[in-house]
>>> print(open('entry.cif').read())   # mmCIF, C-alpha atoms
data_input
#
loop_
_atom_site.label_atom_id
_atom_site.label_comp_id
_atom_site.auth_asym_id
_atom_site.auth_seq_id
_atom_site.Cartn_x
_atom_site.Cartn_y
_atom_site.Cartn_z
CA MET A 90 24.24 13.18 -2.06
CA ALA A 91 21.11 13.24 0.08
CA GLY A 92 19.37 9.92 0.65
CA MET A 93 15.91 8.90 -0.49
CA VAL A 94 12.97 8.78 1.93
CA ILE A 95 10.44 6.09 1.02
CA VAL A 96 7.22 5.33 2.91
CA ILE A 97 5.76 1.83 2.80
CA THR A 98 2.01 2.03 3.16
CA SER A 99 -1.21 0.14 2.36
CA GLY A 100 -4.33 1.52 3.99
CA LYS A 101 -5.51 -1.88 5.13
CA GLY A 102 -3.75 -3.62 7.99
CA GLY A 103 -2.20 -7.05 7.80
CA VAL A 104 -1.18 -7.03 4.14
CA GLY A 105 2.55 -7.16 4.89
CA LYS A 106 3.87 -3.60 5.22
CA THR A 107 6.21 -4.42 8.08
CA THR A 108 7.50 -7.58 6.43
CA THR A 109 8.04 -5.67 3.21
CA CYS A 110 9.87 -2.89 5.03
CA ALA A 111 12.15 -5.35 6.86
CA ASN A 112 12.93 -7.27 3.67
CA ILE A 113 13.54 -4.29 1.41
CA GLY A 114 15.67 -2.65 4.11
CA SER A 115 17.78 -5.77 4.62
CA GLY A 116 18.01 -6.23 0.86
CA LEU A 117 19.27 -2.67 0.34
CA ALA A 118 21.79 -3.07 3.17
CA ASN A 119 22.92 -6.36 1.66
CA ARG A 120 23.62 -4.50 -1.58
CA GLY A 121 25.84 -2.10 0.31
CA PHE A 122 23.52 0.86 0.89
CA LYS A 123 23.41 2.60 4.23
CA THR A 124 19.79 2.19 5.26
CA VAL A 125 17.60 3.14 8.22
CA LEU A 126 14.13 1.78 8.95
CA ILE A 127 11.68 3.95 10.88
CA ASP A 128 8.77 2.20 12.57
CA ALA A 129 6.04 4.86 12.45
CA ASP A 130 3.40 2.58 13.94
CA ILE A 131 3.34 4.21 17.37
CA GLY A 132 1.53 2.08 19.96
CA LEU A 133 1.70 -1.08 17.85
CA ARG A 134 5.37 -1.45 17.11
CA ASN A 135 6.44 -4.59 15.28
CA LEU A 136 9.31 -3.87 12.97
CA ASP A 137 11.65 -4.55 15.91
CA VAL A 138 10.43 -8.14 16.35
CA VAL A 139 10.38 -8.83 12.61
CA MET A 140 14.01 -7.68 12.48
CA GLY A 141 14.88 -9.62 15.67
CA LEU A 142 16.01 -6.45 17.47
CA GLU A 143 13.35 -6.22 20.18
CA ASN A 144 15.80 -6.72 23.06
CA ARG A 145 17.96 -3.77 22.20
CA ILE A 146 15.48 -0.91 22.39
CA VAL A 147 16.31 1.92 24.78
CA PHE A 148 14.97 5.06 23.10
CA ASP A 149 12.27 5.40 20.44
CA LEU A 150 10.74 7.65 17.78
CA VAL A 151 8.78 9.73 20.29
CA ASN A 152 11.93 10.36 22.40
CA VAL A 153 13.67 11.56 19.23
CA ALA A 154 10.75 13.77 18.17
CA GLU A 155 10.55 15.29 21.66
CA LYS A 156 14.34 15.66 21.66
CA THR A 157 14.75 13.80 24.96
CA CYS A 158 17.53 11.88 23.23
CA LYS A 159 19.75 12.29 20.19
CA ILE A 160 18.85 10.49 16.97
CA ARG A 161 22.06 8.49 17.20
CA GLN A 162 21.12 7.20 20.67
CA ALA A 163 17.80 5.81 19.44
CA LEU A 164 19.16 4.06 16.34
CA ILE A 165 19.61 0.31 16.81
CA LYS A 166 22.25 -1.36 14.71
CA ASP A 167 21.11 -4.50 12.91
CA LYS A 168 22.51 -7.92 13.91
CA ARG A 169 23.53 -8.87 10.40
CA PHE A 170 24.47 -5.67 8.62
CA GLU A 171 26.84 -2.92 9.73
CA ASN A 172 25.04 -0.42 7.49
CA LEU A 173 21.44 -1.10 8.60
CA TYR A 174 19.69 0.65 11.50
CA LEU A 175 16.24 0.68 13.07
CA LEU A 176 14.48 3.60 14.72
CA PRO A 177 11.74 1.86 16.74
CA ALA A 178 8.26 3.20 17.45
CA ALA A 179 7.12 4.01 20.97
CA GLN A 180 4.90 1.30 22.39
CA THR A 181 3.12 3.19 25.15
CA LYS A 182 2.25 6.45 23.38
CA GLU A 183 -0.54 7.56 21.05
CA LYS A 184 -0.17 8.21 17.34
CA ASP A 185 -0.45 11.96 17.89
CA ALA A 186 2.64 11.95 20.14
CA VAL A 187 4.53 12.87 16.95
CA LYS A 188 3.67 15.76 14.63
CA PRO A 189 4.17 15.81 10.85
CA GLU A 190 6.67 18.70 11.15
CA GLN A 191 8.78 16.60 13.53
CA MET A 192 8.78 13.72 11.04
CA VAL A 193 9.87 16.06 8.24
CA GLU A 194 12.71 17.33 10.40
CA LEU A 195 13.76 13.79 11.33
CA CYS A 196 13.74 12.63 7.70
CA GLU A 197 15.84 15.63 6.69
CA GLU A 198 18.39 14.77 9.36
CA LEU A 199 18.53 11.07 8.49
CA ARG A 200 18.85 11.56 4.74
CA LYS A 201 22.10 13.44 5.32
CA GLU A 202 23.66 10.27 6.65
CA PHE A 203 21.79 7.42 4.96
CA ASP A 204 21.27 6.36 1.35
CA TYR A 205 17.77 5.09 2.12
CA VAL A 206 15.27 6.00 4.82
CA LEU A 207 12.36 3.53 4.82
CA ILE A 208 9.25 4.37 6.84
CA ASP A 209 6.90 1.59 7.96
CA CYS A 210 3.50 3.32 7.92
CA PRO A 211 0.68 2.27 10.26
CA ALA A 212 -2.62 1.03 8.81
CA GLY A 213 -5.40 3.58 8.38
CA ILE A 214 -5.56 7.09 6.93
CA GLU A 215 -5.49 9.12 10.14
CA GLN A 216 -2.72 10.86 12.07
CA GLY A 217 -0.29 7.93 11.89
CA PHE A 218 -0.51 7.88 8.10
CA LYS A 219 -0.14 11.66 7.90
CA ASN A 220 2.99 11.49 10.07
CA ALA A 221 4.50 8.63 8.10
CA VAL A 222 4.08 10.28 4.70
CA ALA A 223 4.97 13.83 5.81
CA GLY A 224 8.69 13.59 5.10
CA ALA A 225 8.61 11.05 2.25
CA ASP A 226 9.81 11.58 -1.33
CA GLN A 227 8.42 8.33 -2.65
CA ALA A 228 5.88 5.69 -1.65
CA ILE A 229 5.54 1.95 -2.02
CA VAL A 230 1.96 0.70 -1.73
CA VAL A 231 1.56 -2.90 -0.56
CA THR A 232 -1.63 -4.80 -1.33
CA THR A 233 -2.88 -8.38 -1.41
CA PRO A 234 -5.05 -9.60 -4.30
CA ASP A 235 -8.40 -9.29 -2.53
CA VAL A 236 -11.21 -6.76 -2.82
CA SER A 237 -10.78 -5.02 0.52
CA ALA A 238 -6.99 -4.60 0.30
CA VAL A 239 -7.17 -3.35 -3.31
CA ARG A 240 -9.97 -0.93 -2.46
CA ASP A 241 -7.97 0.51 0.43
CA ALA A 242 -4.84 0.67 -1.72
CA ASP A 243 -6.80 2.73 -4.26
CA ARG A 244 -7.82 5.17 -1.52
CA ILE A 245 -4.21 5.44 -0.31
CA ILE A 246 -2.96 6.07 -3.85
CA GLY A 247 -5.46 8.93 -4.12
CA LEU A 248 -4.29 10.40 -0.81
CA LEU A 249 -0.62 10.07 -1.79
CA GLN A 250 -1.25 11.84 -5.08
CA ALA A 251 -3.14 14.60 -3.28
CA ARG A 252 -0.01 15.05 -1.16
CA GLU A 253 2.08 15.22 -4.29
CA ILE A 254 4.03 12.07 -3.59
CA ALA A 255 4.34 11.34 -7.27
CA ASP A 256 4.18 7.90 -8.83
CA PRO A 257 3.74 5.52 -5.93
CA ARG A 258 4.82 1.98 -6.82
CA LEU A 259 2.91 -1.21 -6.11
CA ILE A 260 3.85 -4.50 -4.47
CA ILE A 261 1.29 -7.29 -4.75
CA ASN A 262 1.88 -9.52 -1.75
CA ARG A 263 0.74 -13.03 -0.89
CA LEU A 264 -0.20 -14.09 -4.38
CA ARG A 265 -1.34 -17.72 -4.61
CA PRO A 266 -0.50 -19.03 -8.10
CA ASP A 267 -2.64 -22.14 -7.58
CA MET A 268 -5.72 -20.02 -6.87
CA VAL A 269 -4.96 -17.62 -9.74
CA ARG A 270 -4.75 -20.61 -12.08
CA LYS A 271 -8.19 -21.81 -10.98
CA GLY A 272 -9.66 -18.35 -11.48
CA ASP A 273 -10.23 -17.91 -7.76
CA MET A 274 -7.82 -15.05 -7.17
CA MET A 275 -7.23 -11.82 -9.03
CA ASP A 276 -4.03 -12.00 -11.03
CA ILE A 277 -1.32 -9.39 -11.48
CA CYS A 278 -2.98 -7.89 -14.56
CA ASP A 279 -6.34 -7.49 -12.79
CA VAL A 280 -4.85 -5.65 -9.82
CA ASN A 281 -2.51 -3.65 -12.00
CA ASP A 282 -5.36 -2.60 -14.32
CA ILE A 283 -7.52 -1.44 -11.44
CA LEU A 284 -4.87 0.49 -9.51
CA ALA A 285 -3.00 1.73 -12.58
CA ILE A 286 0.33 2.49 -10.92
CA CYS A 287 3.80 1.18 -11.68
CA LEU A 288 4.33 -2.40 -10.48
CA LEU A 289 7.42 -2.86 -8.34
CA GLY A 290 7.02 -6.48 -7.29
CA ILE A 291 4.96 -9.61 -6.89
CA VAL A 292 5.54 -11.64 -3.75
CA PRO A 293 4.11 -15.16 -3.55
CA ASP A 294 2.35 -16.41 -0.45
CA ASP A 295 5.18 -18.31 1.15
CA GLU A 296 5.60 -20.23 4.41
CA THR A 297 9.20 -19.08 4.68
CA ILE A 298 7.91 -15.61 5.55
CA ILE A 299 6.29 -17.07 8.66
CA THR A 300 9.32 -19.14 9.66
CA SER A 301 11.72 -16.29 9.04
CA THR A 302 9.54 -13.92 11.04
CA ASN A 303 9.48 -16.52 13.85
CA ARG A 304 13.24 -16.31 13.92
CA GLY A 305 13.45 -12.55 13.45
CA GLU A 306 15.47 -12.90 10.23
CA PRO A 307 14.10 -11.32 7.04
CA ALA A 308 13.45 -13.89 4.27
CA VAL A 309 15.33 -11.75 1.75
CA LEU A 310 18.54 -13.27 3.14
CA ASP A 311 17.32 -16.85 2.67
CA ALA A 312 18.55 -18.09 -0.70
CA ASN A 313 15.90 -20.85 -0.75
CA SER A 314 12.89 -18.62 -0.06
CA LYS A 315 10.63 -17.75 -3.02
CA ALA A 316 9.33 -14.69 -1.21
CA GLY A 317 12.94 -13.80 -0.40
CA GLN A 318 13.78 -14.01 -4.11
CA ALA A 319 10.79 -11.78 -4.87
CA PHE A 320 12.09 -9.18 -2.39
CA ARG A 321 15.60 -9.40 -3.85
CA ASN A 322 13.99 -8.67 -7.22
CA VAL A 323 12.15 -5.67 -5.74
CA VAL A 324 15.43 -4.29 -4.40
CA GLY A 325 17.05 -4.76 -7.81
CA ARG A 326 14.23 -2.83 -9.49
CA MET A 327 14.50 -0.04 -6.90
CA LEU A 328 18.17 0.27 -7.89
CA GLY A 329 17.14 0.66 -11.51
CA GLU A 330 17.92 -2.86 -12.70
CA GLU A 331 15.73 -4.61 -15.24
CA VAL A 332 14.52 -7.67 -13.36
CA PRO A 333 11.81 -9.77 -15.03
CA PHE A 334 8.77 -10.62 -12.91
CA MET A 335 8.66 -14.15 -11.48
CA SER A 336 6.92 -16.83 -13.41
CA LEU A 337 3.72 -18.13 -11.86
CA ASP A 338 4.83 -21.74 -12.23
CA PHE A 339 7.32 -21.68 -9.43
CA ASP A 340 5.33 -23.59 -6.88
CA LEU A 341 4.44 -26.49 -9.12
CA GLY A 342 6.14 -29.78 -8.39
CA TRP A 343 7.65 -31.67 -11.31
CA MET A 344 4.61 -33.99 -11.50
CA SER A 345 2.14 -31.19 -11.99
CA LYS A 346 4.50 -29.47 -14.43
CA ILE A 347 4.42 -32.58 -16.60
CA LYS A 348 0.66 -32.80 -16.16
CA GLN A 349 0.24 -29.19 -17.21
CA ARG A 350 2.36 -29.66 -20.29
CA PHE A 351 0.30 -32.71 -21.15
CA ILE A 352 -2.97 -30.85 -20.80
CA LYS A 353 -1.75 -27.94 -22.90
CA LYS A 354 -1.02 -30.28 -25.85
CA MET B 160 -28.37 -33.38 -13.83
CA ASP B 161 -25.00 -33.17 -12.24
CA LEU B 162 -23.35 -33.63 -15.62
CA MET B 163 -25.66 -31.07 -17.24
CA GLY B 164 -24.98 -28.75 -14.34
CA ARG B 165 -21.29 -29.11 -14.96
CA PHE B 166 -21.64 -28.37 -18.66
CA PHE B 167 -23.84 -25.36 -18.25
CA LYS B 168 -22.37 -24.16 -15.01
CA ASP B 169 -22.21 -20.44 -14.55
CA ASP B 170 -18.64 -19.87 -15.64
CA THR B 171 -18.11 -16.55 -13.89
CA SER B 172 -15.12 -17.28 -11.68
CA SER B 173 -14.91 -15.77 -8.23
CA LYS B 174 -12.00 -13.67 -9.47
CA ASP B 175 -14.13 -12.11 -12.21
CA MET B 176 -16.72 -11.24 -9.60
CA ALA B 177 -14.02 -9.63 -7.46
CA VAL B 178 -12.81 -7.51 -10.39
CA GLU B 179 -16.34 -6.47 -11.34
CA ARG B 180 -17.31 -5.55 -7.80
CA LEU B 181 -14.11 -3.60 -7.29
CA ARG B 182 -14.60 -1.62 -10.48
CA LEU B 183 -18.07 -0.59 -9.35
CA VAL B 184 -17.15 0.30 -5.79
CA LEU B 185 -14.12 2.29 -6.90
CA VAL B 186 -16.19 4.50 -9.20
CA SER B 187 -18.02 5.91 -6.20
CA ASP B 188 -14.94 5.83 -3.94
CA ARG B 189 -12.97 7.85 -6.45
CA ALA B 190 -15.68 10.47 -6.81
CA GLY B 191 -14.53 11.17 -3.26
CA VAL B 192 -16.95 13.94 -2.35
CA SER B 193 -18.41 14.00 1.13
CA PRO B 194 -22.14 14.67 1.65
CA GLY B 195 -21.13 17.74 3.67
CA LEU B 196 -19.30 19.25 0.72
CA MET B 197 -22.25 18.62 -1.61
CA GLU B 198 -24.59 20.26 0.90
CA ALA B 199 -22.35 23.33 1.16
CA LEU B 200 -22.16 23.57 -2.64
CA LYS B 201 -25.95 23.37 -2.82
CA GLU B 202 -26.34 26.19 -0.28
CA ASP B 203 -23.98 28.42 -2.24
CA LEU B 204 -25.72 27.64 -5.52
CA ILE B 205 -29.06 28.60 -4.01
CA GLN B 206 -27.65 31.93 -2.78
CA VAL B 207 -26.20 32.86 -6.16
CA ILE B 208 -29.14 31.79 -8.29
CA SER B 209 -31.68 33.38 -5.94
CA LYS B 210 -30.29 36.80 -6.87
CA TYR B 211 -31.69 36.29 -10.37
CA MET B 212 -34.47 33.74 -10.06
CA ASP B 213 -36.96 32.35 -7.62
CA ILE B 214 -36.16 28.66 -7.36
CA ASP B 215 -37.77 25.66 -5.76
CA GLU B 216 -35.16 24.78 -3.16
CA GLU B 217 -36.98 21.65 -2.01
CA ALA B 218 -37.00 20.09 -5.48
CA MET B 219 -33.46 21.08 -6.34
CA GLU B 220 -31.03 18.24 -7.05
CA VAL B 221 -27.23 18.38 -7.33
CA ASN B 222 -25.26 15.29 -8.27
CA LEU B 223 -21.69 14.42 -9.03
CA SER B 224 -21.26 11.47 -11.37
CA SER B 225 -17.97 10.10 -12.53
CA SER B 226 -16.71 7.69 -15.13
CA GLU B 227 -13.18 6.37 -15.51
CA LEU B 228 -12.04 9.41 -17.44
CA SER B 229 -14.11 12.31 -16.20
CA ALA B 230 -16.49 13.58 -13.58
CA ALA B 231 -19.58 15.68 -14.21
CA LEU B 232 -21.60 17.89 -11.90
CA THR B 233 -25.29 17.98 -12.81
CA ALA B 234 -27.85 20.23 -11.20
CA SER B 235 -31.59 20.19 -11.69
CA ILE B 236 -33.08 23.43 -10.38
CA PRO B 237 -36.77 24.12 -10.96
CA VAL B 238 -37.39 27.84 -11.55
CA LYS B 239 -40.56 29.36 -10.15
CA ARG B 240 -40.13 32.92 -11.38
CA ILE B 241 -37.51 35.14 -12.99
CA ARG B 242 -36.69 38.27 -11.00
CA ARG B 243 -36.75 41.51 -12.96
#
>>> encode(input="entry.cif", output="structure tokens")
Amino acid sequence: MAGMVIVITSGKGGVGKTTTCANIGSGLANRGFKTVLIDADIGLRNLDVVMGLENRIVFDLVNVAEKTCKIRQALIKDKRFENLYLLPAAQTKEKDAVKPEQMVELCEELRKEFDYVLIDCPAGIEQGFKNAVAGADQAIVVTTPDVSAVRDADRIIGLLQAREIADPRLIINRLRPDMVRKGDMMDICDVNDILAICLLGIVPDDETIITSTNRGEPAVLDANSKAGQAFRNVVGRMLGEEVPFMSLDFDLGWMSKIKQRFIKK
Amino acid sequence: MDLMGRFFKDDTSSKDMAVERLRLVLVSDRAGVSPGLMEALKEDLIQVISKYMDIDEEAMEVNLSSSELSAALTASIPVKRIRR
């Protein structure tokens, strides 16, 4: 059976596309699926460092597109999983070094061999975005609960629908339950109402994302990470499992939990 | 005063403001029509209508408005004379 090609996109930069891609990819591999991650952010590659594979790069996406090397030669095997690979972006080329037709061809080749092909899309709506979505069957839109990220996500959803990538799914990243509780951050319902697409996950703002990125090890593998749990939930939902969304109380200490109960009564 | 201020404080939270502002800005974002496209549409309208009527091109107005469920194109075209 041919694999699924999924683009991870957002419009706005810095909302966590690369982190999401690394975590979902590792999560899928951990569940036994043969997965490849494509870094489509030519000129600003980062998926390699987030995955901790930056020292192993020989060939890249542009070499593959230009056919100066075979796909197999450019794929980097993950440190932790036998069934996870990375196709890194070129660092010294421009976004237009790859054409949409070449991306389509590449995705068609990769889906023969892999269960999942995840594409880390660059920020923006220009050539890099067009390349990244060209060969995709599905899309995951990442946003944070702030006005600029949600606005850009809305624009991206419109562009995806215009390209007939049906039913993009949403991940709300970096949610701060303490701020939501005080009415100082949009909650899941607010963002979901505005964007009106299927919700795939809610990821809390979590320091373990920073520490795990420092180490080059996706948080999804850390049993004690809240964000890691959120990404494990996302992977479960992608595989068709019914996973309830996380409760917002998770970051409360026991003292404040008692306090909250007290106030409620 | 401080106490009064606290009691009667404007209780719009910053989150409600974010939601409200987003709703407004997205209405125009979603209309998604560039000024260039509107100008081209206007030119074409003038050409077609001019076959039948003499219109005041300067005073002509074409607007696209949209709500959550639908979009409407409205044109106000003053007619100077009907051609026979």
>>> resolve_selection(input="entry.cif", expression="the PyMOL selection byres ((chain B) within 9 of (chain A))", output="short mmCIF file (atom, residue, chain, number, x, y, z; two decimals) with C-alpha atoms, keeping the file's coordinate frame")
data_model
loop_
_atom_site.label_atom_id
_atom_site.label_comp_id
_atom_site.auth_asym_id
_atom_site.auth_seq_id
_atom_site.Cartn_x
_atom_site.Cartn_y
_atom_site.Cartn_z
CA THR B 171 -18.11 -16.55 -13.89
CA SER B 172 -15.12 -17.28 -11.68
CA SER B 173 -14.91 -15.77 -8.23
CA LYS B 174 -12.00 -13.67 -9.47
CA ASP B 175 -14.13 -12.11 -12.21
CA ALA B 177 -14.02 -9.63 -7.46
CA VAL B 178 -12.81 -7.51 -10.39
CA ARG B 180 -17.31 -5.55 -7.80
CA LEU B 181 -14.11 -3.60 -7.29
CA ARG B 182 -14.60 -1.62 -10.48
CA VAL B 184 -17.15 0.30 -5.79
CA LEU B 185 -14.12 2.29 -6.90
CA ASP B 188 -14.94 5.83 -3.94
CA ARG B 189 -12.97 7.85 -6.45
#
>>> resolve_selection(input="entry.cif", expression="the PyMOL selection byres ((chain B and resi 234) around 6)", output="VMD selection string")
chain B and resid 220 to 221 233 235
>>> atom_distance(input="entry.cif", atom1="CA of Phe320 (chain A)", atom2="CA of Pro266 (chain A)")
17.0 Å
>>> residues_around(input="entry.cif", residues="Arg243 (chain B)", least_positions_apart="5", cutoff="12 Å", atoms="all atoms listed in the file", output="list in words")
Ser209, Lys210, Tyr211, Met212 and Asp213 of chain B
>>> resolve_selection(input="entry.cif", expression="the PyMOL selection byres ((chain A and resi 195) around 12)", output="MDAnalysis selection string")
chainID A and resid 94 125 127 129 150:156 159:161 176 187:194 196:202 206 208 220:221 223:225
>>> atom_distance(input="entry.cif", atom1="CA of Tyr174 (chain A)", atom2="CA of Arg134 (chain A)")
15.5 Å
>>> closest_residue(input="entry.cif", among="A:Gly305, A:Gly116, A:Gly217, A:Pro211", to="Val104 (chain A)", atoms="all atoms listed in the file")
A:Pro211
>>> closest_residue(input="entry.cif", among="A:Thr233, A:Asn119, A:Ser336, A:Ser314", to="Ile299 (chain A)", atoms="only C-alpha atoms")
A:Ser314
>>> closest_residue(input="entry.cif", among="A:Met90, A:Ile146, A:Ile131, A:Ala163", to="Thr181 (chain A)", atoms="only C-alpha atoms")
A:Ile131
>>> atom_distance(input="entry.cif", atom1="CA of Leu164 (chain A)", atom2="CA of Asp209 (chain A)")
15.1 Å
>>> closest_residue(input="entry.cif", among="A:Met335, A:Glu330, A:Leu248, A:Phe218", to="Gln318 (chain A)", atoms="all atoms listed in the file")
A:Met335
>>> closest_residue(input="entry.cif", among="A:Ser99, A:Asn281, A:Ser115, A:Gln216", to="Lys168 (chain A)", atoms="only C-alpha atoms")
A:Ser115
>>> residues_around(input="entry.cif", residues="Ile229 (chain A)", least_positions_apart="6", cutoff="6 Å", atoms="only C-alpha atoms", output="list of chain:residue names")
A:Ile97, A:Pro257, A:Arg258, A:Leu259
>>> build_atoms(input="entry.cif", residues="region 308-319 of chain A", atoms="N, CA, C and O atoms", output="PDB file, in the frame of the given file")
ATOM      1  N   ALA A 308      13.337 -12.823   5.271  1.00  0.00           N
ATOM      2  CA  ALA A 308      13.450 -13.890   4.270  1.00  0.00           C
ATOM      3  C   ALA A 308      14.325 -13.513   3.079  1.00  0.00           C
ATOM      4  O   ALA A 308      14.803 -14.381   2.354  1.00  0.00           O
ATOM      5  N   VAL A 309      14.543 -12.223   2.892  1.00  0.00           N
ATOM      6  CA  VAL A 309      15.330 -11.750   1.750  1.00  0.00           C
ATOM      7  C   VAL A 309      16.760 -12.313   1.796  1.00  0.00           C
ATOM      8  O   VAL A 309      17.441 -12.393   0.781  1.00  0.00           O
ATOM      9  N   LEU A 310      17.182 -12.726   2.999  1.00  0.00           N
ATOM     10  CA  LEU A 310      18.540 -13.270   3.140  1.00  0.00           C
ATOM     11  C   LEU A 310      18.585 -14.772   2.954  1.00  0.00           C
ATOM     12  O   LEU A 310      19.655 -15.378   2.936  1.00  0.00           O
ATOM     13  N   ASP A 311      17.404 -15.392   2.818  1.00  0.00           N
ATOM     14  CA  ASP A 311      17.320 -16.850   2.670  1.00  0.00           C
ATOM     15  C   ASP A 311      17.314 -17.194   1.175  1.00  0.00           C
ATOM     16  O   ASP A 311      16.353 -16.923   0.458  1.00  0.00           O
ATOM     17  N   ALA A 312      18.390 -17.807   0.734  1.00  0.00           N
ATOM     18  CA  ALA A 312      18.550 -18.090  -0.700  1.00  0.00           C
ATOM     19  C   ALA A 312      17.478 -19.051  -1.214  1.00  0.00           C
ATOM     20  O   ALA A 312      17.163 -19.060  -2.407  1.00  0.00           O
ATOM     21  N   ASN A 313      16.887 -19.851  -0.316  1.00  0.00           N
ATOM     22  CA  ASN A 313      15.900 -20.850  -0.750  1.00  0.00           C
ATOM     23  C   ASN A 313      14.458 -20.357  -0.680  1.00  0.00           C
ATOM     24  O   ASN A 313      13.531 -21.100  -0.983  1.00  0.00           O
ATOM     25  N   SER A 314      14.250 -19.123  -0.221  1.00  0.00           N
ATOM     26  CA  SER A 314      12.890 -18.620  -0.060  1.00  0.00           C
ATOM     27  C   SER A 314      12.408 -17.946  -1.339  1.00  0.00           C
ATOM     28  O   SER A 314      13.061 -17.059  -1.879  1.00  0.00           O
ATOM     29  N   LYS A 315      11.217 -18.374  -1.819  1.00  0.00           N
ATOM     30  CA  LYS A 315      10.630 -17.750  -3.020  1.00  0.00           C
ATOM     31  C   LYS A 315      10.276 -16.292  -2.752  1.00  0.00           C
ATOM     32  O   LYS A 315      10.516 -15.418  -3.574  1.00  0.00           O
ATOM     33  N   ALA A 316       9.677 -16.063  -1.567  1.00  0.00           N
ATOM     34  CA  ALA A 316       9.330 -14.690  -1.210  1.00  0.00           C
ATOM     35  C   ALA A 316      10.604 -13.859  -1.088  1.00  0.00           C
ATOM     36  O   ALA A 316      10.656 -12.698  -1.499  1.00  0.00           O
ATOM     37  N   GLY A 317      11.646 -14.483  -0.527  1.00  0.00           N
ATOM     38  CA  GLY A 317      12.940 -13.800  -0.400  1.00  0.00           C
ATOM     39  C   GLY A 317      13.464 -13.400  -1.766  1.00  0.00           C
ATOM     40  O   GLY A 317      13.942 -12.275  -1.957  1.00  0.00           O
ATOM     41  N   GLN A 318      13.356 -14.316  -2.741  1.00  0.00           N
ATOM     42  CA  GLN A 318      13.780 -14.010  -4.110  1.00  0.00           C
ATOM     43  C   GLN A 318      12.971 -12.831  -4.655  1.00  0.00           C
ATOM     44  O   GLN A 318      13.519 -11.921  -5.278  1.00  0.00           O
ATOM     45  N   ALA A 319      11.656 -12.857  -4.387  1.00  0.00           N
ATOM     46  CA  ALA A 319      10.790 -11.780  -4.870  1.00  0.00           C
ATOM     47  C   ALA A 319      11.242 -10.437  -4.285  1.00  0.00           C
ATOM     48  O   ALA A 319      11.277  -9.422  -4.994  1.00  0.00           O
TER      49      ALA A 319
END
